[in-house]
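Peer 1: Input file: entry-v8.pdb. Contents: PDB, C-alpha atoms and all ligand atoms.
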```
ATOM      1  CA  MET A  12      17.066  -2.563 -10.596  1.00  0.00           C
ATOM      2  CA  LYS A  13      13.472  -3.366  -9.754  1.00  0.00           C
ATOM      3  CA  LYS A  14      11.046  -1.620 -12.116  1.00  0.00           C
ATOM      4  CA  ILE A  15       8.114   0.184 -10.536  1.00  0.00           C
ATOM      5  CA  ASP A  16       5.605  -2.005 -12.383  1.00  0.00           C
ATOM      6  CA  ASP A  17       7.127  -5.038 -10.643  1.00  0.00           C
ATOM      7  CA  MET A  18       6.673  -3.398  -7.224  1.00  0.00           C
ATOM      8  CA  TYR A  19       2.900  -3.123  -7.094  1.00  0.00           C
ATOM      9  CA  LYS A  20      -0.072  -5.030  -8.397  1.00  0.00           C
ATOM     10  CA  ILE A  21      -3.753  -4.317  -8.805  1.00  0.00           C
ATOM     11  CA  ILE A  22      -5.725  -7.246  -7.484  1.00  0.00           C
ATOM     12  CA  GLU A  23      -9.312  -8.154  -8.182  1.00  0.00           C
ATOM     13  CA  PHE A  24     -10.885 -10.232  -5.434  1.00  0.00           C
ATOM     14  CA  ASP A  25     -13.836 -12.504  -6.214  1.00  0.00           C
ATOM     15  CA  GLU A  26     -17.155 -11.034  -5.246  1.00  0.00           C
ATOM     16  CA  LEU A  27     -19.250 -13.736  -3.655  1.00  0.00           C
ATOM     17  CA  GLY A  28     -22.534 -11.965  -4.167  1.00  0.00           C
ATOM     18  CA  ASP A  29     -26.034 -13.315  -3.952  1.00  0.00           C
ATOM     19  CA  GLU A  30     -29.457 -11.796  -3.360  1.00  0.00           C
ATOM     20  CA  ARG A  31     -28.415 -10.975   0.231  1.00  0.00           C
ATOM     21  CA  GLY A  32     -25.540  -8.723  -0.864  1.00  0.00           C
ATOM     22  CA  ASN A  33     -21.830  -9.020  -1.512  1.00  0.00           C
ATOM     23  CA  LEU A  34     -18.966 -10.677   0.282  1.00  0.00           C
ATOM     24  CA  VAL A  35     -15.248 -10.368  -0.457  1.00  0.00           C
ATOM     25  CA  VAL A  36     -12.646 -12.623   1.143  1.00  0.00           C
ATOM     26  CA  ALA A  37      -8.925 -11.920   1.548  1.00  0.00           C
ATOM     27  CA  GLU A  38      -6.929 -14.895   2.794  1.00  0.00           C
ATOM     28  CA  GLY A  39      -3.299 -14.581   3.771  1.00  0.00           C
ATOM     29  CA  GLU A  40      -0.679 -16.661   1.991  1.00  0.00           C
ATOM     30  CA  SER A  41      -2.920 -17.132  -1.017  1.00  0.00           C
ATOM     31  CA  GLU A  42      -2.472 -16.323  -4.676  1.00  0.00           C
ATOM     32  CA  LEU A  43      -3.933 -12.826  -4.231  1.00  0.00           C
ATOM     33  CA  VAL A  44      -2.396 -12.066  -0.824  1.00  0.00           C
ATOM     34  CA  PRO A  45       1.210 -13.292  -1.028  1.00  0.00           C
ATOM     35  CA  PHE A  46       2.023 -12.878   2.675  1.00  0.00           C
ATOM     36  CA  ALA A  47       0.729 -13.912   6.081  1.00  0.00           C
ATOM     37  CA  ILE A  48      -1.502 -11.108   7.357  1.00  0.00           C
ATOM     38  CA  ASN A  49       0.032  -9.967  10.635  1.00  0.00           C
ATOM     39  CA  ARG A  50      -1.753  -6.648  11.018  1.00  0.00           C
ATOM     40  CA  ILE A  51      -4.782  -4.835   9.723  1.00  0.00           C
ATOM     41  CA  PHE A  52      -5.716  -1.208  10.123  1.00  0.00           C
ATOM     42  CA  TYR A  53      -8.162   1.120   8.471  1.00  0.00           C
ATOM     43  CA  ILE A  54      -8.172   4.794   7.721  1.00  0.00           C
ATOM     44  CA  TYR A  55     -11.346   6.893   7.609  1.00  0.00           C
ATOM     45  CA  GLY A  56     -12.393  10.466   8.247  1.00  0.00           C
ATOM     46  CA  SER A  57      -9.557  11.910   6.153  1.00  0.00           C
ATOM     47  CA  ASP A  58     -10.883  14.689   3.952  1.00  0.00           C
ATOM     48  CA  SER A  59     -10.033  15.445   0.345  1.00  0.00           C
ATOM     49  CA  GLN A  60      -7.226  17.882   1.286  1.00  0.00           C
ATOM     50  CA  VAL A  61      -5.288  15.422   3.439  1.00  0.00           C
ATOM     51  CA  VAL A  62      -2.225  13.547   2.222  1.00  0.00           C
ATOM     52  CA  ARG A  63      -1.406  10.449   4.285  1.00  0.00           C
ATOM     53  CA  GLY A  64       1.329   7.881   4.001  1.00  0.00           C
ATOM     54  CA  GLN A  65       4.402   9.749   2.807  1.00  0.00           C
ATOM     55  CA  HIS A  66       6.655   6.914   3.765  1.00  0.00           C
ATOM     56  CA  ALA A  67       8.287   3.746   2.518  1.00  0.00           C
ATOM     57  CA  ASN A  68       8.763   0.511   4.423  1.00  0.00           C
ATOM     58  CA  ILE A  69      11.869  -1.584   4.649  1.00  0.00           C
ATOM     59  CA  LYS A  70      10.081  -4.808   5.596  1.00  0.00           C
ATOM     60  CA  THR A  71       6.321  -4.462   5.331  1.00  0.00           C
ATOM     61  CA  ARG A  72       4.260  -5.310   2.287  1.00  0.00           C
ATOM     62  CA  PHE A  73       0.691  -4.099   2.114  1.00  0.00           C
ATOM     63  CA  ILE A  74      -2.615  -4.606   0.384  1.00  0.00           C
ATOM     64  CA  LEU A  75      -4.906  -1.561   0.340  1.00  0.00           C
ATOM     65  CA  ILE A  76      -8.647  -1.917  -0.220  1.00  0.00           C
ATOM     66  CA  ASN A  77     -11.166   0.920  -0.221  1.00  0.00           C
ATOM     67  CA  VAL A  78     -13.977  -1.086   1.352  1.00  0.00           C
ATOM     68  CA  SER A  79     -16.120   2.067   1.141  1.00  0.00           C
ATOM     69  CA  GLY A  80     -15.679   5.208  -0.959  1.00  0.00           C
ATOM     70  CA  THR A  81     -12.600   6.073  -2.960  1.00  0.00           C
ATOM     71  CA  SER A  82      -9.050   7.341  -2.598  1.00  0.00           C
ATOM     72  CA  LYS A  83      -5.918   7.629  -4.682  1.00  0.00           C
ATOM     73  CA  VAL A  84      -2.466   6.223  -4.052  1.00  0.00           C
ATOM     74  CA  LYS A  85       0.669   7.657  -5.611  1.00  0.00           C
ATOM     75  CA  LEU A  86       3.538   5.191  -5.762  1.00  0.00           C
ATOM     76  CA  ASP A  87       7.124   6.288  -6.291  1.00  0.00           C
ATOM     77  CA  ASN A  88      10.272   4.169  -6.563  1.00  0.00           C
ATOM     78  CA  GLY A  89      12.640   7.117  -6.789  1.00  0.00           C
ATOM     79  CA  GLU A  90      12.674   6.829 -10.587  1.00  0.00           C
ATOM     80  CA  GLU A  91       9.057   6.682 -11.677  1.00  0.00           C
ATOM     81  CA  THR A  92       5.598   7.257 -10.252  1.00  0.00           C
ATOM     82  CA  ARG A  93       2.208   5.637 -10.726  1.00  0.00           C
ATOM     83  CA  ILE A  94      -1.217   6.748  -9.526  1.00  0.00           C
ATOM     84  CA  VAL A  95      -3.863   4.173  -8.701  1.00  0.00           C
ATOM     85  CA  GLU A  96      -7.454   5.012  -7.828  1.00  0.00           C
ATOM     86  CA  LEU A  97      -9.038   2.628  -5.360  1.00  0.00           C
ATOM     87  CA  ASN A  98     -12.745   2.689  -6.107  1.00  0.00           C
ATOM     88  CA  LYS A  99     -14.242  -0.761  -5.591  1.00  0.00           C
ATOM     89  CA  PRO A 100     -14.483  -2.938  -2.467  1.00  0.00           C
ATOM     90  CA  LYS A 101     -13.267  -5.902  -4.511  1.00  0.00           C
ATOM     91  CA  MET A 102     -10.166  -4.065  -5.750  1.00  0.00           C
ATOM     92  CA  GLY A 103      -6.868  -4.404  -3.897  1.00  0.00           C
ATOM     93  CA  LEU A 104      -3.515  -2.723  -4.384  1.00  0.00           C
ATOM     94  CA  TYR A 105      -0.484  -4.792  -3.445  1.00  0.00           C
ATOM     95  CA  ILE A 106       2.523  -2.656  -2.494  1.00  0.00           C
ATOM     96  CA  ASP A 107       6.003  -4.115  -2.195  1.00  0.00           C
ATOM     97  CA  THR A 108       8.659  -2.957   0.251  1.00  0.00           C
ATOM     98  CA  MET A 109      10.693   0.178  -0.567  1.00  0.00           C
ATOM     99  CA  LEU A 110       7.962   1.963  -2.512  1.00  0.00           C
ATOM    100  CA  TRP A 111       7.231   5.511  -1.374  1.00  0.00           C
ATOM    101  CA  LYS A 112       3.470   6.005  -1.083  1.00  0.00           C
ATOM    102  CA  ASP A 113       1.072   8.910  -0.680  1.00  0.00           C
ATOM    103  CA  MET A 114      -2.654   8.385  -0.098  1.00  0.00           C
ATOM    104  CA  TYR A 115      -4.925  11.319  -0.912  1.00  0.00           C
ATOM    105  CA  ASP A 116      -8.199  12.472  -2.469  1.00  0.00           C
ATOM    106  CA  PHE A 117     -10.268  10.624   0.122  1.00  0.00           C
ATOM    107  CA  SER A 118     -14.007  10.707  -0.506  1.00  0.00           C
ATOM    108  CA  PRO A 119     -16.129  11.588   2.552  1.00  0.00           C
ATOM    109  CA  ASP A 120     -17.205   7.937   2.848  1.00  0.00           C
ATOM    110  CA  SER A 121     -13.709   6.507   2.307  1.00  0.00           C
ATOM    111  CA  VAL A 122     -12.727   3.597   4.521  1.00  0.00           C
ATOM    112  CA  LEU A 123      -9.311   2.394   3.454  1.00  0.00           C
ATOM    113  CA  LEU A 124      -8.543  -1.069   4.792  1.00  0.00           C
ATOM    114  CA  VAL A 125      -4.888  -2.077   4.915  1.00  0.00           C
ATOM    115  CA  LEU A 126      -3.566  -5.628   5.253  1.00  0.00           C
ATOM    116  CA  ALA A 127       0.067  -5.715   6.322  1.00  0.00           C
ATOM    117  CA  SER A 128       2.674  -8.447   6.350  1.00  0.00           C
ATOM    118  CA  GLU A 129       4.350  -7.297   9.595  1.00  0.00           C
ATOM    119  CA  HIS A 130       3.454  -6.041  13.026  1.00  0.00           C
ATOM    120  CA  TYR A 131       3.943  -2.321  13.494  1.00  0.00           C
ATOM    121  CA  ASP A 132       7.561  -1.296  13.937  1.00  0.00           C
ATOM    122  CA  ALA A 133       8.253   2.424  13.649  1.00  0.00           C
ATOM    123  CA  GLN A 134      11.923   1.637  12.900  1.00  0.00           C
ATOM    124  CA  GLU A 135      11.128   0.139   9.513  1.00  0.00           C
ATOM    125  CA  TYR A 136       9.178   3.183   8.334  1.00  0.00           C
ATOM    126  CA  ILE A 137      11.247   5.642   6.272  1.00  0.00           C
ATOM    127  CA  ARG A 138       9.521   9.008   6.621  1.00  0.00           C
ATOM    128  CA  ASP A 139      12.167  11.284   5.141  1.00  0.00           C
ATOM    129  CA  TYR A 140      12.260  11.317   1.322  1.00  0.00           C
ATOM    130  CA  ASP A 141      15.989  12.120   1.081  1.00  0.00           C
ATOM    131  CA  GLU A 142      16.759   9.260   3.443  1.00  0.00           C
ATOM    132  CA  TYR A 143      14.525   7.038   1.307  1.00  0.00           C
ATOM    133  CA  LEU A 144      16.535   7.941  -1.819  1.00  0.00           C
ATOM    134  CA  LYS A 145      19.777   7.189   0.001  1.00  0.00           C
ATOM    135  CA  ILE A 146      18.602   3.778   1.259  1.00  0.00           C
ATOM    136  CA  LEU A 147      17.310   3.018  -2.248  1.00  0.00           C
ATOM    137  CA  SER A 148      20.632   3.806  -3.853  1.00  0.00           C
ATOM    138  CA  ASP A 149      22.485   1.708  -1.242  1.00  0.00           C
ATOM    139  CA  LYS A 150      20.175  -1.226  -1.918  1.00  0.00           C
ATOM    140  CA  ARG A 151      20.538  -0.798  -5.675  1.00  0.00           C
ATOM    141  CA  ARG A 152      24.317  -0.654  -5.382  1.00  0.00           C
ATOM    142  CA  THR A 153      24.407  -3.923  -3.440  1.00  0.00           C
ATOM    143  CA  GLY A 154      21.948  -5.548  -5.870  1.00  0.00           C
ATOM    144  CA  GLU A 155      19.275  -5.945  -3.191  1.00  0.00           C
ATOM    145  CA  LEU A 156      16.773  -3.996  -5.319  1.00  0.00           C
TER     146      LEU A 156
HETATM  147  P1  LIG B 201       0.886   6.857   9.972  1.00  0.00           P
HETATM  148  O1  LIG B 201       1.850   5.788   9.568  1.00  0.00           O
HETATM  149  O2  LIG B 201       1.374   8.265   9.925  1.00  0.00           O
HETATM  150  O3  LIG B 201      -0.438   6.765   9.116  1.00  0.00           O
HETATM  151  P2  LIG B 201      -0.590   6.913   7.520  1.00  0.00           P
HETATM  152  O4  LIG B 201       0.469   6.109   6.882  1.00  0.00           O
HETATM  153  O5  LIG B 201      -1.950   6.416   7.235  1.00  0.00           O
HETATM  154  O6  LIG B 201      -0.485   8.352   7.177  1.00  0.00           O
HETATM  155  O7  LIG B 201       0.355   6.501  11.419  1.00  0.00           O
HETATM  156  C1  LIG B 201      -0.346   7.416  12.250  1.00  0.00           C
HETATM  157  C2  LIG B 201      -0.006   7.109  13.702  1.00  0.00           C
HETATM  158  O8  LIG B 201      -0.446   5.799  14.066  1.00  0.00           O
HETATM  159  C3  LIG B 201       1.489   7.152  13.969  1.00  0.00           C
HETATM  160  O9  LIG B 201       1.678   7.756  15.235  1.00  0.00           O
HETATM  161  C4  LIG B 201       1.896   5.709  14.059  1.00  0.00           C
HETATM  162  C5  LIG B 201       0.644   5.026  14.525  1.00  0.00           C
HETATM  163  N1  LIG B 201       0.489   3.652  14.003  1.00  0.00           N
HETATM  164  C6  LIG B 201       0.585   2.567  14.868  1.00  0.00           C
HETATM  165  O10 LIG B 201       0.833   2.717  16.083  1.00  0.00           O
HETATM  166  N2  LIG B 201       0.427   1.318  14.364  1.00  0.00           N
HETATM  167  C7  LIG B 201       0.161   1.101  13.047  1.00  0.00           C
HETATM  168  O11 LIG B 201      -0.003  -0.064  12.626  1.00  0.00           O
HETATM  169  C8  LIG B 201       0.061   2.230  12.172  1.00  0.00           C
HETATM  170  C9  LIG B 201      -0.213   2.046  10.694  1.00  0.00           C
HETATM  171  C10 LIG B 201       0.227   3.485  12.684  1.00  0.00           C
END
```
Please render this file's structure as C-alpha cells.
Ligand code: TYD

Peer 2:
Amino acid sequence: MKKIDDMYKIIEFDELGDERGNLVVAEGESELVPFAINRIFYIYGSDSQVVRGQHANIKTRFILINVSGTSKVKLDNGEETRIVELNKPKMGLYIDTMLWKDMYDFSPDSVLLVLASEHYDAQEYIRDYDEYLKILSDKRRTGEL
C-alpha cells in the first residue's frame, strides 16, 4: 500500500532573482515537475471560510503554488492526513493521483496556481468521500496502490 508520504512532495523551485525582482520557472517533464503540463488554472478570491477541492483524481497529478498569499492543503489517503501550508511563490506541492485534497484558509491576496498533468475531465474527479474510500480499497486489493 502506498504510504501518504510517498504520495506528495514539497518542492522548492529556484528563485532567479536579481535587482529587478524575482523569477520562478516551472518546466514540465523536469526533475521538479515530473509530468507534461497539460493544463493550468488558478484560484483566487476565496475567503478564509471557504473549503475548496474536496476531491481526489484518478488520473491527474498536480503541482500547487501560491504565487501570491497563502493557503493550506489537507491531504488524505484514507489512512492518514497531512497539512501543508503554501506560503512562498517558490514553493510547490506535488500531489499524486488518488489523494483526497481540501484547500482552505486562503489569505485575501491568495492566488493559487495549479499545474496539472491532464486536460479537464469531470469523469476522473471523485467528489464523494465514500466512493473515494471504495475505489481506494479496490485499488489496494488489486495491488494498484
Ligand atoms: P472545482 O474542481 O470544484 O474547483 P476546486 O477543486 O478548486 O474546488 O471546479 C469548479 C468548477 O470549474 C467546476 O464546475 C468544474 C470547473 N472546472 C473546469 O471546467 N475545468 C477545470 O480545469 C477545473 C479545475 C474546474

Peer 1: Could you tell me which residues the PyMOL selection byres (((not hetatm)) within 12 of (chain B and resi 201)) grabs in this file, written as an NGL selection string?

Peer 2: :A and (49-57 or 61-68 or 71 or 73 or 75 or 84 or 111-115 or 117 or 122-138)

Peer 1: Let me make sure I understand: among A:Asn88, A:Ser59, A:Asn77, A:Asn33, which one has the smallest atom-to-atom distance to Asp16 of chain A if we use all atoms listed in the file?

Peer 2: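 Checking each candidate against Asp16 of chain A, we get A:Asn88 as the closest.
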
Peer 1: Skip Leu97 of chain A itself and residues of its chain fewer than 6 positions away, then list as a list in words all residues within 8 Å of it, counting only C-alpha atoms.

Peer 2: Ile76, Asn77, Thr81, Ser82, Lys83, Val84, Gly103 and Leu104 of chain A

Peer 1: Output as JSON lines one row per residue of segment 97-148 of chain A within 8 Å of segment 34-45 of chain A: the closest atom pair and its distance in Å to one decimal place, counting all atoms listed in the file, sorted by chain and residue number ascending.

Peer 2:
```
{"residue": "A:Pro100", "atom": "CA", "partner": "A:Val35", "partner_atom": "CA", "distance": 7.7}
{"residue": "A:Lys101", "atom": "CA", "partner": "A:Val35", "partner_atom": "CA", "distance": 6.3}
{"residue": "A:Tyr105", "atom": "CA", "partner": "A:Val44", "partner_atom": "CA", "distance": 8.0}
```

Peer 1: Which one is closest to Leu110 of chain A: A:Leu27, A:Ala47, A:Met18, A:Ile74? Count only C-alpha atoms.

Peer 2: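 So, comparing all the options, the nearest one is A:Met18.
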
Peer 1: Taking all atoms listed in the file into account, which of A:Gly89, A:Gly80, A:Pro119, A:Gly28 comes nearest Asp141 of chain A?

Peer 2: A:Gly89
